[in-house]
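Enquirer: So here's structure38.cif (mmCIF, C-alpha atoms and all ligand atoms).
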data_entry
loop_
_atom_site.label_atom_id
_atom_site.label_comp_id
_atom_site.auth_asym_id
_atom_site.auth_seq_id
_atom_site.Cartn_x
_atom_site.Cartn_y
_atom_site.Cartn_z
CA MET N 10 64.63 252.92 83.32
CA TYR N 11 63.74 253.14 87.02
CA LYS N 12 64.00 256.91 87.00
CA GLY N 13 61.87 257.25 83.85
CA ILE N 14 59.14 255.07 85.30
CA LEU N 15 59.28 256.89 88.63
CA HIS N 16 58.80 260.23 86.88
CA THR N 17 55.98 258.85 84.72
CA HIS N 18 54.35 257.52 87.87
CA TYR N 19 54.51 260.91 89.60
CA LEU N 20 53.09 262.60 86.52
CA VAL N 21 50.16 260.20 86.08
CA VAL N 22 49.40 260.23 89.81
CA ILE N 23 49.12 264.02 89.63
CA LEU N 24 46.88 263.83 86.53
CA PHE N 25 44.81 261.13 88.20
CA LEU N 26 44.40 263.25 91.35
CA PHE N 27 43.49 266.26 89.23
CA ILE N 28 40.68 264.37 87.48
CA TYR N 29 39.45 262.96 90.77
CA VAL N 30 39.48 266.30 92.56
CA ILE N 31 37.31 267.80 89.79
CA LYS N 32 34.90 264.87 89.86
CA THR N 33 34.65 264.88 93.64
CA VAL N 34 34.05 268.65 93.77
CA LEU N 35 31.29 268.31 91.15
CA LEU N 36 29.68 265.48 93.08
CA LEU N 37 29.92 267.25 96.43
CA SER N 38 28.39 270.42 94.98
CA ASN N 39 25.49 268.49 93.42
CA LYS N 40 26.44 269.41 89.86
CA THR N 41 25.36 265.99 88.62
CA ASP N 42 24.73 267.08 85.02
CA LEU N 43 28.15 268.63 84.77
CA LEU N 44 29.69 265.58 86.43
CA ALA N 45 28.06 263.27 83.88
CA LYS N 46 29.29 265.46 81.01
CA PHE N 47 32.79 265.70 82.44
CA SER N 48 32.99 261.95 83.13
CA LYS N 49 31.97 261.22 79.55
CA LYS N 50 34.53 263.62 78.05
CA ILE N 51 37.34 262.43 80.29
CA LYS N 52 36.58 258.74 79.91
CA VAL N 53 39.35 257.78 77.46
CA PRO N 54 42.12 259.96 78.96
CA GLU N 55 41.11 258.72 82.39
CA MET N 56 41.41 255.12 81.24
CA ILE N 57 44.90 255.78 79.88
CA VAL N 58 45.94 257.58 83.06
CA SER N 59 44.55 254.81 85.30
CA PHE N 60 46.27 252.17 83.21
CA LEU N 61 49.63 253.98 83.43
CA PHE N 62 49.06 254.64 87.13
CA LEU N 63 48.62 250.95 87.86
CA GLY N 64 51.29 249.77 85.40
CA THR N 65 54.03 252.07 86.69
CA GLY N 66 52.86 251.51 90.27
CA ILE N 67 53.12 247.74 89.96
CA TYR N 68 56.59 248.02 88.41
CA LEU N 69 57.73 250.34 91.22
CA MET N 70 56.26 247.95 93.78
CA THR N 71 58.59 245.22 92.56
CA GLN N 72 61.50 247.63 93.13
CA LEU N 73 60.47 248.70 96.62
CA PRO N 74 63.37 248.67 99.06
CA PHE N 75 61.69 246.57 101.75
CA GLY N 76 63.83 245.76 104.76
CA SER N 77 63.92 248.90 106.89
CA LYS N 78 62.00 249.68 110.05
CA TYR N 79 59.87 252.09 108.02
CA ASP N 80 58.37 249.27 105.92
CA TYR N 81 55.06 249.76 107.69
CA LEU N 82 54.71 253.10 105.88
CA LEU N 83 54.98 251.29 102.54
CA TRP N 84 52.36 248.75 103.57
CA ILE N 85 49.96 251.45 104.76
CA LYS N 86 50.47 253.22 101.45
CA LEU N 87 49.71 250.10 99.41
CA VAL N 88 46.59 249.33 101.46
CA MET N 89 45.41 252.94 101.05
CA VAL N 90 45.93 252.94 97.28
CA PHE N 91 44.29 249.60 96.71
CA SER N 92 41.33 250.24 98.98
CA SER N 93 40.71 253.64 97.39
CA ILE N 94 40.00 252.09 93.96
CA PRO N 95 36.85 250.05 94.79
CA ILE N 96 35.68 252.82 97.12
CA ALA N 97 35.97 255.35 94.28
CA VAL N 98 34.19 253.08 91.79
CA ILE N 99 31.27 252.47 94.15
CA GLY N 100 31.23 256.10 95.34
CA PHE N 101 30.83 257.55 91.85
CA LYS N 102 28.50 254.83 90.62
CA LYS N 103 26.09 255.39 93.51
CA SER N 104 26.79 259.14 93.72
CA ASN N 105 27.76 258.58 97.33
CA LYS N 106 29.53 261.74 98.50
CA MET N 107 31.07 260.18 101.59
CA LEU N 108 32.71 257.36 99.66
CA ALA N 109 33.92 259.63 96.86
CA ALA N 110 35.52 262.02 99.37
CA LEU N 111 36.99 259.10 101.32
CA SER N 112 38.67 257.62 98.25
CA LEU N 113 40.17 260.99 97.33
CA LEU N 114 41.46 261.32 100.89
CA LEU N 115 43.03 257.86 100.73
CA ILE N 116 44.80 258.53 97.42
CA THR N 117 46.07 261.95 98.51
CA GLY N 118 47.14 260.56 101.87
CA SER N 119 49.09 257.70 100.32
CA PHE N 120 50.93 260.18 98.09
CA GLY N 121 51.98 262.17 101.17
CA LEU N 122 52.92 258.99 103.00
CA ALA N 123 55.34 258.01 100.25
CA GLU N 124 57.15 261.32 100.72
CA VAL N 125 57.34 260.82 104.50
CA TYR N 126 58.74 257.35 103.93
CA HIS N 127 61.54 258.55 101.63
CA LYS N 128 62.47 261.37 104.01
CA LYS N 129 62.59 259.07 107.07
CA LYS N 130 64.40 256.35 105.20
CA GLY N 131 67.00 258.84 103.97
CA ILE N 132 67.76 259.90 107.50
CA ALA N 133 67.69 256.35 108.86
CA LYS N 134 70.06 255.09 106.21
CA THR N 135 72.55 257.86 106.93
CA ILE N 136 72.61 257.02 110.59
CA GLU N 137 72.75 253.25 110.20
CA THR N 138 75.46 252.86 107.61
CA THR N 139 78.03 255.59 108.12
CA ASN N 140 81.06 254.72 110.16
CA PRO N 141 81.55 258.00 112.03
CA GLU N 142 85.33 257.80 111.54
CA SER N 143 85.33 256.98 107.84
CA THR N 144 87.02 259.31 105.38
CA ASP N 145 86.55 257.06 102.36
CA GLY N 146 84.79 259.24 99.77
CA LYS N 147 83.07 256.39 98.00
CA SER N 148 81.52 254.69 101.01
CA LEU N 149 80.57 258.05 102.50
CA TYR N 150 78.92 259.00 99.21
CA LEU N 151 77.01 255.72 98.97
CA ALA N 152 75.81 255.98 102.57
CA ASN N 153 74.91 259.69 102.60
CA CYS N 154 73.97 260.55 99.06
CA GLY N 155 73.15 257.32 97.23
CA LEU N 156 69.55 257.13 98.37
CA CYS N 157 68.59 260.33 96.55
CA HIS N 158 71.25 260.58 93.86
CA GLY N 159 71.89 256.87 93.21
CA ASP N 160 75.28 255.17 92.98
CA ASP N 161 75.93 256.90 89.64
CA GLY N 162 74.56 260.34 90.62
CA LYS N 163 71.63 260.14 88.21
CA LEU N 164 68.79 258.69 90.28
CA GLY N 165 66.89 261.88 91.11
CA MET N 166 64.90 260.50 94.05
CA SER N 167 62.98 263.09 96.15
CA GLY N 168 63.62 265.73 93.49
CA ALA N 169 67.41 265.41 93.62
CA LYS N 170 69.40 266.86 90.72
CA ASP N 171 71.47 264.80 88.33
CA ILE N 172 74.99 265.23 89.72
CA THR N 173 76.62 264.27 86.41
CA ALA N 174 75.00 267.36 84.87
CA SER N 175 76.19 269.67 87.66
CA ASN N 176 78.50 272.62 87.00
CA LEU N 177 79.67 272.83 90.61
CA ASP N 178 83.38 272.44 91.36
CA VAL N 179 84.88 270.69 94.40
CA SER N 180 84.36 273.63 96.73
CA GLY N 181 80.81 274.18 95.47
CA ILE N 182 79.99 270.52 96.07
CA LYS N 183 81.52 270.68 99.56
CA GLU N 184 79.41 273.74 100.30
CA ILE N 185 76.17 271.96 99.35
CA ILE N 186 77.20 268.85 101.33
CA MET N 187 77.87 270.89 104.49
CA HIS N 188 74.89 273.23 104.28
CA GLY N 189 72.33 271.55 102.01
CA LYS N 190 70.28 273.35 99.40
CA GLY N 191 66.53 273.53 98.85
CA ALA N 192 65.11 270.05 99.46
CA MET N 193 68.57 268.58 99.98
CA PRO N 194 69.47 268.32 103.67
CA ALA N 195 72.97 269.08 104.95
CA ALA N 196 74.89 265.81 105.37
CA GLN N 197 75.76 264.72 108.91
CA VAL N 198 79.49 264.61 108.24
CA ASN N 199 82.51 266.52 109.48
CA GLU N 200 84.64 268.78 107.32
CA GLU N 201 87.23 266.13 106.47
CA GLN N 202 84.48 263.76 105.36
CA ALA N 203 82.82 266.50 103.30
CA ASN N 204 86.18 267.01 101.54
CA ALA N 205 86.45 263.29 100.83
CA ILE N 206 82.92 263.11 99.43
CA SER N 207 83.32 266.18 97.23
CA GLU N 208 86.62 264.86 95.85
CA TYR N 209 84.94 261.55 95.08
CA VAL N 210 81.90 263.20 93.48
CA ASN N 211 84.06 265.53 91.41
CA SER N 212 86.48 262.89 90.13
CA GLN N 213 84.32 259.76 89.92
CA ILE N 214 80.69 260.79 89.48
CA LYS N 215 80.77 263.99 87.50
CA GLY N 216 81.62 263.57 83.85
CA HIS N 217 80.59 259.89 83.80
C1 LIG G 301 67.20 263.71 100.66
C2 LIG G 301 67.73 263.61 99.33
C3 LIG G 301 69.17 264.05 99.08
C4 LIG G 301 70.31 263.58 99.67
C5 LIG G 301 70.44 262.53 100.78
C6 LIG G 301 71.40 264.25 99.02
N1 LIG G 301 70.92 265.10 98.05
FE1 LIG G 301 72.05 266.24 96.78
N2 LIG G 301 70.36 267.10 96.07
C7 LIG G 301 69.09 266.80 96.48
C8 LIG G 301 68.17 267.79 95.91
C9 LIG G 301 66.68 267.83 96.13
C10 LIG G 301 68.96 268.68 95.16
C11 LIG G 301 68.49 269.91 94.39
C12 LIG G 301 68.65 271.11 95.33
C13 LIG G 301 68.22 272.40 94.69
O1 LIG G 301 68.88 272.83 93.74
O2 LIG G 301 67.24 272.97 95.17
C14 LIG G 301 70.33 268.21 95.26
C15 LIG G 301 71.40 268.80 94.62
C16 LIG G 301 72.71 268.34 94.69
C17 LIG G 301 73.82 268.90 93.96
C18 LIG G 301 73.77 270.13 93.09
C19 LIG G 301 73.59 269.89 91.66
C20 LIG G 301 73.62 271.27 90.99
O3 LIG G 301 74.49 271.48 90.16
O4 LIG G 301 72.80 272.12 91.34
C21 LIG G 301 74.93 268.19 94.30
C22 LIG G 301 76.35 268.36 93.79
C23 LIG G 301 74.51 267.20 95.26
N3 LIG G 301 73.16 267.32 95.49
C24 LIG G 301 75.34 266.30 95.88
C25 LIG G 301 74.99 265.54 96.98
C26 LIG G 301 75.92 264.82 97.82
C27 LIG G 301 77.43 264.77 97.58
C28 LIG G 301 75.21 264.21 98.79
C29 LIG G 301 75.70 263.38 99.95
C30 LIG G 301 76.55 264.07 100.92
C31 LIG G 301 73.80 264.53 98.57
N4 LIG G 301 73.74 265.34 97.48
C32 LIG G 301 72.74 264.04 99.32
C33 LIG G 301 68.70 265.75 97.28
C34 LIG G 301 69.56 265.01 98.07
#
Produce structure tokens that represent the structure in this file.

Expert:
Amino acid sequence: MYKGILHTHYLVVILFLFIYVIKTVLLLSNKTDLLAKFSKKIKVPEMIVSFLFLGTGIYLMTQLPFGSKYDYLLWIKLVMVFSSIPIAVIGFKKSNKMLAALSLLLITGSFGLAEVYHKKKGIAKTIETTNPESTDGKSLYLANCGLCHGDDGKLGMSGAKDITASNLDVSGIKEIIMHGKGAMPAAQVNEEQANAISEYVNSQIKGH
């Protein structure tokens, strides 16, 4: 459920941004006739997108993992999103270019901020909760991997892949733990710990 809503949220935010970029460009380039035509055509889809944007956003807000030292990033994001809405409404109503551009900047910025937050939090959590001596696969997995992959391997945060659908074997998993891959950073663990995690992932997470 969480994952589905998160993905829907990303999708509608991108659609929303897309509509707003077009509108802002039309306004900034004085194509007022075209802007009026476009706004009229897009009215219903835009309403649906805005509704989903707010609905999924409010649900995700109730799930926010407050309680880390990076909470301020979440608060800045919320303030940016919520202030951008009235600014956009007024900006387009009064054809005020400054306000329209400002609201687009706020929305885009808050999207970027969310990414920064998840990256920082991922690193912070790794450092805070891993006992450097531990070789317990489960607790190492939860501390180092859970944030992106979830306790069951299916979460898919920050673009992570569903581990339960992975074809990698123990050595392949160890490889990706030690060296990372694409957007997945290498874990800050030693070789013995990487072995313990890959054993745990292979026997307990995959195939469940
Ligand atoms: C910052 C988020 C993040 C963290 C933390 C993270 N992963 Fe990943 N993981 C990803 C992403 C993103 C991918 C997809 C990489 C790609 O294919 O480009 C991925 C892919 C994988 C895959 C490969 C799936 C496949 O078949 O291609 C495995 C296995 C995996 N991660 C296991 C782990 C384990 C074990 C840990 C903990 C040591 C971990 N991950 C920590 C983000 C993360």

Enquirer: Let me see if you get this right: every residue at most 7 Å from ligand LIG 301 (chain G), counting only C-alpha atoms and all ligand atoms, written as an MDAnalysis selection string.

Expert: chainID N and resid 128 131 150 153:158 166:172 174:177 182 185:186 190:194 196 206:207 210

Enquirer: What are the centre and edge lengths in Å, to one decimal, of the axis-aligned box around all listed atoms of region 121-130 of chain N with 8 Å added on each side, as lines of an AutoDock Vina configuration file?

Expert:
center_x = 58.2
center_y = 259.3
center_z = 103.7
size_x = 28.4
size_y = 21.8
size_z = 22.8

Enquirer: Restricting the calculation to only C-alpha atoms: of N:Gly189, N:Lys147, N:Met89, N:Gln213, which residue gets closest to Thr173 (chain N)?

Expert: N:Gln213

Enquirer: Do you have the CA of Met107 (chain N)-CA of Glu55 (chain N) distance handy?

Expert: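 About the pair CA of Met107 (chain N) and CA of Glu55 (chain N): they are 21.7 Å apart.
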
Enquirer: State, in Å with one decimal place, the distance from CA of Glu201 (chain N) to CA of Ala152 (chain N).

Expert: 15.8 Å

Enquirer: Within 12 Å of (31.0, 264.0, 86.4) (file coordinates; all atoms listed in the file), which protein or nucleic acid residues are there? I'd like them as a ChimeraX atom specification.

Expert: /N:28-52,100-102,104,109

Enquirer: In Å, how far is it from CA of Glu200 (chain N) to CA of Gly162 (chain N)?

Expert: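 A separation of 21.3 Å between them.
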
Enquirer: Go through N:Ser212, N:Ser148, N:Thr17, N:Ser143 one by one, measure the shortest atom-to-atom distance of each to Phe62 (chain N) using all atoms listed in the file, and give the residue with the smallest value.

Expert: N:Thr17

Enquirer: Under the rule that all atoms listed in the file are counted, which of N:Tyr126, N:Phe25, N:Tyr209, N:Tyr19 is the nearest residue to Lys78 (chain N)?

Expert: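 Going through N:Tyr126, N:Phe25, N:Tyr209, N:Tyr19 one by one, the smallest distance to Lys78 (chain N) is for N:Tyr126.
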
Enquirer: Which residues are close to region 92-94 of chain N, i.e. within 7 Å by all atoms listed in the file, leaving aside same-chain residues fewer than 2 positions away? Reply as an MDAnalysis selection string.

Expert: chainID N and resid 88:90 96:98 112 115:116

Enquirer: For Met10 (chain N), which residue among N:Met56, N:Met70, N:Leu164, N:Ile85 is the nearest when counting all atoms listed in the file?

Expert: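 Nearest candidate to Met10 (chain N) out of N:Met56, N:Met70, N:Leu164, N:Ile85: N:Leu164.
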
Enquirer: Could you check which of N:Val125, N:Leu87, N:Ile23, N:Met187 is closest to Ala203 (chain N), using only C-alpha atoms?

Expert: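 Among the listed residues, the smallest separation from Ala203 (chain N) belongs to N:Met187.
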
Enquirer: Using all atoms listed in the file, determine which residues lie at most 9 Å from Val22 (chain N), disregarding the query and same-chain residues fewer than 4 positions distant; provide the list as a list in words.

Expert: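 Once the adjacent positions are removed, what remains is Thr17, His18, Leu26, Phe27, Val58, Ser59, Leu61, Phe62 and Phe120 of chain N.
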
Enquirer: Hey, which of N:Ile214, N:Gln197, N:Ala123, N:Leu15 ends up closest to Val179 (chain N)? Count all atoms listed in the file.

Expert: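 Closest to Val179 (chain N), using all atoms listed in the file: N:Ile214.
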